[in-house]
Amino acid sequence: KLWETYDLIEYERIHYYNPKKINMASFANILPRVHIHVMARFENDSHFPQPMWGEKQREAKLSLPAEAEFHKRVFNALTSKHN
């Protein structure tokens with residue numbers, strides 16, 4: 001189920017934000033549980049093409065759609081998939 005959920009979130013990020021690429025990272029080094037980052041990346045984001053937690057390359061000049069609407073899309077996709 002974890003990878004199905006990851007795939008769904010990646011799909012929604014691609015279709016909602018139209019990024020250059022998607023980065024995925026999984027950590028458990030600070031929080032006491034494993035968690036996955038699914039990050040939409042853009043050529044003009046502040047760190048591209050470096051990792052988002054790496055060295056900043058520039059000031060970001062992004063105009064992105066509302067994150068709240070993205071969350072609704074993911075919630076609706078997850079609830080319709082599991083009902």
# chains A, B, ... in the order shown; residues from 1 in each chain; ligands from 1
>>> select_by_dssp(residues="stretch 3-83 of chain A", states="helix (DSSP H, G or I)", output="PyMOL selection string")
chain A and resi 3-17+67-81
>>> write_last_selection(atoms="N, CA and C atoms", output="mmCIF file, in the first residue's frame")
data_model
loop_
_atom_site.group_PDB
_atom_site.id
_atom_site.type_symbol
_atom_site.label_atom_id
_atom_site.label_comp_id
_atom_site.auth_asym_id
_atom_site.auth_seq_id
_atom_site.Cartn_x
_atom_site.Cartn_y
_atom_site.Cartn_z
ATOM 1 N N TRP A 3 3.688 1.935 -1.556
ATOM 2 C CA TRP A 3 4.120 2.338 -2.899
ATOM 3 C C TRP A 3 2.938 2.716 -3.778
ATOM 4 N N GLU A 4 1.778 2.125 -3.558
ATOM 5 C CA GLU A 4 0.576 2.560 -4.286
ATOM 6 C C GLU A 4 0.248 4.008 -3.936
ATOM 7 N N THR A 5 0.372 4.337 -2.660
ATOM 8 C CA THR A 5 0.111 5.711 -2.219
ATOM 9 C C THR A 5 1.155 6.655 -2.796
ATOM 10 N N TYR A 6 2.418 6.248 -2.762
ATOM 11 C CA TYR A 6 3.478 7.061 -3.370
ATOM 12 C C TYR A 6 3.169 7.311 -4.845
ATOM 13 N N ASP A 7 2.831 6.253 -5.583
ATOM 14 C CA ASP A 7 2.526 6.390 -7.014
ATOM 15 C C ASP A 7 1.384 7.369 -7.252
ATOM 16 N N LEU A 8 0.361 7.296 -6.421
ATOM 17 C CA LEU A 8 -0.782 8.194 -6.564
ATOM 18 C C LEU A 8 -0.363 9.648 -6.320
ATOM 19 N N ILE A 9 0.414 9.883 -5.272
ATOM 20 C CA ILE A 9 0.858 11.247 -4.970
ATOM 21 C C ILE A 9 1.775 11.763 -6.075
ATOM 22 N N GLU A 10 2.669 10.927 -6.559
ATOM 23 C CA GLU A 10 3.545 11.336 -7.663
ATOM 24 C C GLU A 10 2.711 11.700 -8.890
ATOM 25 N N TYR A 11 1.753 10.859 -9.234
ATOM 26 C CA TYR A 11 0.868 11.123 -10.376
ATOM 27 C C TYR A 11 0.157 12.465 -10.211
ATOM 28 N N GLU A 12 -0.409 12.709 -9.030
ATOM 29 C CA GLU A 12 -1.128 13.962 -8.786
ATOM 30 C C GLU A 12 -0.188 15.166 -8.834
ATOM 31 N N ARG A 13 1.021 15.031 -8.297
ATOM 32 C CA ARG A 13 1.985 16.142 -8.365
ATOM 33 C C ARG A 13 2.328 16.468 -9.820
ATOM 34 N N ILE A 14 2.568 15.454 -10.615
ATOM 35 C CA ILE A 14 2.907 15.671 -12.025
ATOM 36 C C ILE A 14 1.764 16.369 -12.749
ATOM 37 N N HIS A 15 0.554 15.902 -12.549
ATOM 38 C CA HIS A 15 -0.580 16.452 -13.292
ATOM 39 C C HIS A 15 -1.085 17.780 -12.740
ATOM 40 N N TYR A 16 -0.806 18.083 -11.497
ATOM 41 C CA TYR A 16 -1.255 19.353 -10.911
ATOM 42 C C TYR A 16 -0.223 20.467 -11.108
ATOM 43 N N TYR A 17 1.047 20.140 -10.909
ATOM 44 C CA TYR A 17 2.097 21.163 -10.944
ATOM 45 C C TYR A 17 2.889 21.212 -12.250
ATOM 46 N N GLU A 67 -1.527 24.888 -2.797
ATOM 47 C CA GLU A 67 -1.239 23.573 -2.210
ATOM 48 C C GLU A 67 -2.502 22.941 -1.629
ATOM 49 N N ALA A 68 -3.406 23.749 -1.084
ATOM 50 C CA ALA A 68 -4.645 23.220 -0.495
ATOM 51 C C ALA A 68 -5.464 22.464 -1.537
ATOM 52 N N GLU A 69 -5.515 22.959 -2.744
ATOM 53 C CA GLU A 69 -6.251 22.276 -3.813
ATOM 54 C C GLU A 69 -5.576 20.952 -4.169
ATOM 55 N N PHE A 70 -4.251 20.938 -4.169
ATOM 56 C CA PHE A 70 -3.519 19.690 -4.399
ATOM 57 C C PHE A 70 -3.873 18.669 -3.321
ATOM 58 N N HIS A 71 -3.905 19.100 -2.061
ATOM 59 C CA HIS A 71 -4.249 18.192 -0.958
ATOM 60 C C HIS A 71 -5.655 17.619 -1.140
ATOM 61 N N LYS A 72 -6.592 18.435 -1.585
ATOM 62 C CA LYS A 72 -7.950 17.942 -1.849
ATOM 63 C C LYS A 72 -7.939 16.876 -2.934
ATOM 64 N N ARG A 73 -7.171 17.108 -3.988
ATOM 65 C CA ARG A 73 -7.087 16.128 -5.080
ATOM 66 C C ARG A 73 -6.547 14.791 -4.577
ATOM 67 N N VAL A 74 -5.489 14.848 -3.777
ATOM 68 C CA VAL A 74 -4.900 13.614 -3.241
ATOM 69 C C VAL A 74 -5.891 12.926 -2.310
ATOM 70 N N PHE A 75 -6.515 13.678 -1.419
ATOM 71 C CA PHE A 75 -7.500 13.106 -0.503
ATOM 72 C C PHE A 75 -8.625 12.427 -1.282
ATOM 73 N N ASN A 76 -9.168 13.107 -2.276
ATOM 74 C CA ASN A 76 -10.252 12.531 -3.079
ATOM 75 C C ASN A 76 -9.797 11.281 -3.817
ATOM 76 N N ALA A 77 -8.600 11.305 -4.361
ATOM 77 C CA ALA A 77 -8.079 10.135 -5.071
ATOM 78 C C ALA A 77 -7.875 8.963 -4.115
ATOM 79 N N LEU A 78 -7.340 9.237 -2.930
ATOM 80 C CA LEU A 78 -7.121 8.171 -1.948
ATOM 81 C C LEU A 78 -8.435 7.590 -1.442
ATOM 82 N N THR A 79 -9.401 8.441 -1.132
ATOM 83 C CA THR A 79 -10.662 7.933 -0.594
ATOM 84 C C THR A 79 -11.466 7.201 -1.656
ATOM 85 N N SER A 80 -11.416 7.645 -2.905
ATOM 86 C CA SER A 80 -12.156 6.928 -3.952
ATOM 87 C C SER A 80 -11.480 5.599 -4.282
ATOM 88 N N LYS A 81 -10.158 5.549 -4.166
ATOM 89 C CA LYS A 81 -9.409 4.322 -4.453
ATOM 90 C C LYS A 81 -9.649 3.251 -3.390
#
>>> residues_around(residues="A:Asn18", least_positions_apart="6", cutoff="10 Å", atoms="only C-alpha atoms", output="list of chain:residue names")
A:Glu12, A:Ala40, A:Arg41, A:Phe42, A:Leu64
>>> residues_around(residues="A:His37", least_positions_apart="5", cutoff="9 Å", atoms="only C-alpha atoms", output="PyMOL selection string")
chain A and resi 23-27
>>> closest_residue(among="A:Asn44, A:Ile22, A:Lys1, A:Ile36", to="A:Lys56", atoms="only C-alpha atoms")
A:Asn44
>>> closest_residue(among="A:Val38, A:Pro32, A:Pro19, A:Phe48", to="A:Pro65", atoms="only C-alpha atoms")
A:Pro19
>>> closest_residue(among="A:Leu31, A:Leu2, A:Lys21, A:Leu62", to="A:Ser46", atoms="only C-alpha atoms")
A:Leu62
>>> decode(residues="stretch 6-53 of chain A", atoms="N, CA and C atoms", output="PDB file, in the first residue's frame")
ATOM      1  N   TYR A   6       2.418   6.248  -2.762  1.00  0.00           N
ATOM      2  CA  TYR A   6       3.478   7.061  -3.370  1.00  0.00           C
ATOM      3  C   TYR A   6       3.169   7.311  -4.845  1.00  0.00           C
ATOM      4  N   ASP A   7       2.831   6.253  -5.583  1.00  0.00           N
ATOM      5  CA  ASP A   7       2.526   6.390  -7.014  1.00  0.00           C
ATOM      6  C   ASP A   7       1.384   7.369  -7.252  1.00  0.00           C
ATOM      7  N   LEU A   8       0.361   7.296  -6.421  1.00  0.00           N
ATOM      8  CA  LEU A   8      -0.782   8.194  -6.564  1.00  0.00           C
ATOM      9  C   LEU A   8      -0.363   9.648  -6.320  1.00  0.00           C
ATOM     10  N   ILE A   9       0.414   9.883  -5.272  1.00  0.00           N
ATOM     11  CA  ILE A   9       0.858  11.247  -4.970  1.00  0.00           C
ATOM     12  C   ILE A   9       1.775  11.763  -6.075  1.00  0.00           C
ATOM     13  N   GLU A  10       2.669  10.927  -6.559  1.00  0.00           N
ATOM     14  CA  GLU A  10       3.545  11.336  -7.663  1.00  0.00           C
ATOM     15  C   GLU A  10       2.711  11.700  -8.890  1.00  0.00           C
ATOM     16  N   TYR A  11       1.753  10.859  -9.234  1.00  0.00           N
ATOM     17  CA  TYR A  11       0.868  11.123 -10.376  1.00  0.00           C
ATOM     18  C   TYR A  11       0.157  12.465 -10.211  1.00  0.00           C
ATOM     19  N   GLU A  12      -0.409  12.709  -9.030  1.00  0.00           N
ATOM     20  CA  GLU A  12      -1.128  13.962  -8.786  1.00  0.00           C
ATOM     21  C   GLU A  12      -0.188  15.166  -8.834  1.00  0.00           C
ATOM     22  N   ARG A  13       1.021  15.031  -8.297  1.00  0.00           N
ATOM     23  CA  ARG A  13       1.985  16.142  -8.365  1.00  0.00           C
ATOM     24  C   ARG A  13       2.328  16.468  -9.820  1.00  0.00           C
ATOM     25  N   ILE A  14       2.568  15.454 -10.615  1.00  0.00           N
ATOM     26  CA  ILE A  14       2.907  15.671 -12.025  1.00  0.00           C
ATOM     27  C   ILE A  14       1.764  16.369 -12.749  1.00  0.00           C
ATOM     28  N   HIS A  15       0.554  15.902 -12.549  1.00  0.00           N
ATOM     29  CA  HIS A  15      -0.580  16.452 -13.292  1.00  0.00           C
ATOM     30  C   HIS A  15      -1.085  17.780 -12.740  1.00  0.00           C
ATOM     31  N   TYR A  16      -0.806  18.083 -11.497  1.00  0.00           N
ATOM     32  CA  TYR A  16      -1.255  19.353 -10.911  1.00  0.00           C
ATOM     33  C   TYR A  16      -0.223  20.467 -11.108  1.00  0.00           C
ATOM     34  N   TYR A  17       1.047  20.140 -10.909  1.00  0.00           N
ATOM     35  CA  TYR A  17       2.097  21.163 -10.944  1.00  0.00           C
ATOM     36  C   TYR A  17       2.889  21.212 -12.250  1.00  0.00           C
ATOM     37  N   ASN A  18       2.862  20.146 -13.043  1.00  0.00           N
ATOM     38  CA  ASN A  18       3.633  20.066 -14.288  1.00  0.00           C
ATOM     39  C   ASN A  18       5.122  20.376 -14.051  1.00  0.00           C
ATOM     40  N   PRO A  19       5.772  19.629 -13.148  1.00  0.00           N
ATOM     41  CA  PRO A  19       7.179  19.900 -12.835  1.00  0.00           C
ATOM     42  C   PRO A  19       8.120  19.366 -13.909  1.00  0.00           C
ATOM     43  N   LYS A  20       9.374  19.791 -13.833  1.00  0.00           N
ATOM     44  CA  LYS A  20      10.426  19.257 -14.709  1.00  0.00           C
ATOM     45  C   LYS A  20      10.690  17.797 -14.353  1.00  0.00           C
ATOM     46  N   LYS A  21      10.676  17.495 -13.047  1.00  0.00           N
ATOM     47  CA  LYS A  21      10.876  16.124 -12.578  1.00  0.00           C
ATOM     48  C   LYS A  21      10.341  16.003 -11.161  1.00  0.00           C
ATOM     49  N   ILE A  22      10.313  14.786 -10.666  1.00  0.00           N
ATOM     50  CA  ILE A  22       9.899  14.496  -9.292  1.00  0.00           C
ATOM     51  C   ILE A  22      11.093  13.897  -8.558  1.00  0.00           C
ATOM     52  N   ASN A  23      11.354  14.383  -7.355  1.00  0.00           N
ATOM     53  CA  ASN A  23      12.350  13.771  -6.479  1.00  0.00           C
ATOM     54  C   ASN A  23      11.623  13.025  -5.379  1.00  0.00           C
ATOM     55  N   MET A  24      12.136  11.865  -5.027  1.00  0.00           N
ATOM     56  CA  MET A  24      11.586  11.082  -3.932  1.00  0.00           C
ATOM     57  C   MET A  24      12.721  10.796  -2.966  1.00  0.00           C
ATOM     58  N   ALA A  25      12.443  10.967  -1.677  1.00  0.00           N
ATOM     59  CA  ALA A  25      13.434  10.659  -0.653  1.00  0.00           C
ATOM     60  C   ALA A  25      12.719  10.049   0.541  1.00  0.00           C
ATOM     61  N   SER A  26      13.389   9.113   1.181  1.00  0.00           N
ATOM     62  CA  SER A  26      12.840   8.467   2.366  1.00  0.00           C
ATOM     63  C   SER A  26      13.857   8.595   3.490  1.00  0.00           C
ATOM     64  N   PHE A  27      13.396   9.092   4.626  1.00  0.00           N
ATOM     65  CA  PHE A  27      14.288   9.309   5.764  1.00  0.00           C
ATOM     66  C   PHE A  27      13.652   8.795   7.052  1.00  0.00           C
ATOM     67  N   ALA A  28      14.488   8.554   8.027  1.00  0.00           N
ATOM     68  CA  ALA A  28      14.044   8.280   9.398  1.00  0.00           C
ATOM     69  C   ALA A  28      15.147   8.726  10.346  1.00  0.00           C
ATOM     70  N   ASN A  29      15.850   9.786   9.965  1.00  0.00           N
ATOM     71  CA  ASN A  29      17.002  10.202  10.764  1.00  0.00           C
ATOM     72  C   ASN A  29      16.660  11.201  11.864  1.00  0.00           C
ATOM     73  N   ILE A  30      15.571  11.959  11.732  1.00  0.00           N
ATOM     74  CA  ILE A  30      15.186  12.921  12.768  1.00  0.00           C
ATOM     75  C   ILE A  30      13.868  12.504  13.408  1.00  0.00           C
ATOM     76  N   LEU A  31      12.862  12.289  12.595  1.00  0.00           N
ATOM     77  CA  LEU A  31      11.587  11.796  13.126  1.00  0.00           C
ATOM     78  C   LEU A  31      11.726  10.320  13.466  1.00  0.00           C
ATOM     79  N   PRO A  32      11.006   9.833  14.463  1.00  0.00           N
ATOM     80  CA  PRO A  32      11.155   8.439  14.881  1.00  0.00           C
ATOM     81  C   PRO A  32      10.427   7.442  13.977  1.00  0.00           C
ATOM     82  N   ARG A  33      10.069   7.852  12.778  1.00  0.00           N
ATOM     83  CA  ARG A  33       9.397   6.946  11.838  1.00  0.00           C
ATOM     84  C   ARG A  33       9.864   7.280  10.425  1.00  0.00           C
ATOM     85  N   VAL A  34       9.813   6.297   9.586  1.00  0.00           N
ATOM     86  CA  VAL A  34      10.156   6.509   8.179  1.00  0.00           C
ATOM     87  C   VAL A  34       9.065   7.358   7.538  1.00  0.00           C
ATOM     88  N   HIS A  35       9.466   8.303   6.727  1.00  0.00           N
ATOM     89  CA  HIS A  35       8.513   9.102   5.966  1.00  0.00           C
ATOM     90  C   HIS A  35       9.103   9.362   4.583  1.00  0.00           C
ATOM     91  N   ILE A  36       8.242   9.631   3.642  1.00  0.00           N
ATOM     92  CA  ILE A  36       8.663   9.801   2.253  1.00  0.00           C
ATOM     93  C   ILE A  36       8.339  11.215   1.791  1.00  0.00           C
ATOM     94  N   HIS A  37       9.310  11.835   1.146  1.00  0.00           N
ATOM     95  CA  HIS A  37       9.119  13.139   0.514  1.00  0.00           C
ATOM     96  C   HIS A  37       8.894  12.903  -0.977  1.00  0.00           C
ATOM     97  N   VAL A  38       7.865  13.510  -1.521  1.00  0.00           N
ATOM     98  CA  VAL A  38       7.582  13.450  -2.958  1.00  0.00           C
ATOM     99  C   VAL A  38       7.564  14.903  -3.420  1.00  0.00           C
ATOM    100  N   MET A  39       8.651  15.334  -4.050  1.00  0.00           N
ATOM    101  CA  MET A  39       8.859  16.749  -4.321  1.00  0.00           C
ATOM    102  C   MET A  39       8.811  17.048  -5.813  1.00  0.00           C
ATOM    103  N   ALA A  40       7.960  17.978  -6.183  1.00  0.00           N
ATOM    104  CA  ALA A  40       7.926  18.470  -7.557  1.00  0.00           C
ATOM    105  C   ALA A  40       9.106  19.424  -7.726  1.00  0.00           C
ATOM    106  N   ARG A  41       9.856  19.250  -8.790  1.00  0.00           N
ATOM    107  CA  ARG A  41      11.045  20.080  -9.033  1.00  0.00           C
ATOM    108  C   ARG A  41      10.886  20.867 -10.326  1.00  0.00           C
ATOM    109  N   PHE A  42      11.383  22.087 -10.285  1.00  0.00           N
ATOM    110  CA  PHE A  42      11.269  23.004 -11.410  1.00  0.00           C
ATOM    111  C   PHE A  42      12.640  23.594 -11.712  1.00  0.00           C
ATOM    112  N   GLU A  43      12.908  23.877 -12.980  1.00  0.00           N
ATOM    113  CA  GLU A  43      14.215  24.413 -13.365  1.00  0.00           C
ATOM    114  C   GLU A  43      14.540  25.717 -12.650  1.00  0.00           C
ATOM    115  N   ASN A  44      13.528  26.477 -12.265  1.00  0.00           N
ATOM    116  CA  ASN A  44      13.788  27.751 -11.591  1.00  0.00           C
ATOM    117  C   ASN A  44      13.492  27.697 -10.091  1.00  0.00           C
ATOM    118  N   ASP A  45      13.439  26.473  -9.502  1.00  0.00           N
ATOM    119  CA  ASP A  45      13.326  26.419  -8.042  1.00  0.00           C
ATOM    120  C   ASP A  45      14.688  26.758  -7.429  1.00  0.00           C
ATOM    121  N   SER A  46      14.725  27.019  -6.162  1.00  0.00           N
ATOM    122  CA  SER A  46      15.926  27.572  -5.528  1.00  0.00           C
ATOM    123  C   SER A  46      17.129  26.629  -5.508  1.00  0.00           C
ATOM    124  N   HIS A  47      16.909  25.326  -5.662  1.00  0.00           N
ATOM    125  CA  HIS A  47      18.009  24.376  -5.546  1.00  0.00           C
ATOM    126  C   HIS A  47      18.273  23.559  -6.815  1.00  0.00           C
ATOM    127  N   PHE A  48      17.410  23.646  -7.809  1.00  0.00           N
ATOM    128  CA  PHE A  48      17.538  22.839  -9.030  1.00  0.00           C
ATOM    129  C   PHE A  48      18.885  23.081  -9.697  1.00  0.00           C
ATOM    130  N   PRO A  49      19.600  22.065 -10.128  1.00  0.00           N
ATOM    131  CA  PRO A  49      19.254  20.649 -10.145  1.00  0.00           C
ATOM    132  C   PRO A  49      19.736  19.891  -8.909  1.00  0.00           C
ATOM    133  N   GLN A  50      20.230  20.600  -7.906  1.00  0.00           N
ATOM    134  CA  GLN A  50      20.724  19.967  -6.682  1.00  0.00           C
ATOM    135  C   GLN A  50      19.560  19.501  -5.809  1.00  0.00           C
ATOM    136  N   PRO A  51      19.825  18.623  -4.822  1.00  0.00           N
ATOM    137  CA  PRO A  51      18.764  18.215  -3.894  1.00  0.00           C
ATOM    138  C   PRO A  51      18.211  19.428  -3.147  1.00  0.00           C
ATOM    139  N   MET A  52      16.956  19.353  -2.752  1.00  0.00           N
ATOM    140  CA  MET A  52      16.306  20.479  -2.085  1.00  0.00           C
ATOM    141  C   MET A  52      16.920  20.789  -0.723  1.00  0.00           C
ATOM    142  N   TRP A  53      17.623  19.855  -0.128  1.00  0.00           N
ATOM    143  CA  TRP A  53      18.274  20.091   1.157  1.00  0.00           C
ATOM    144  C   TRP A  53      19.769  20.358   0.949  1.00  0.00           C
TER     145      TRP A  53
END
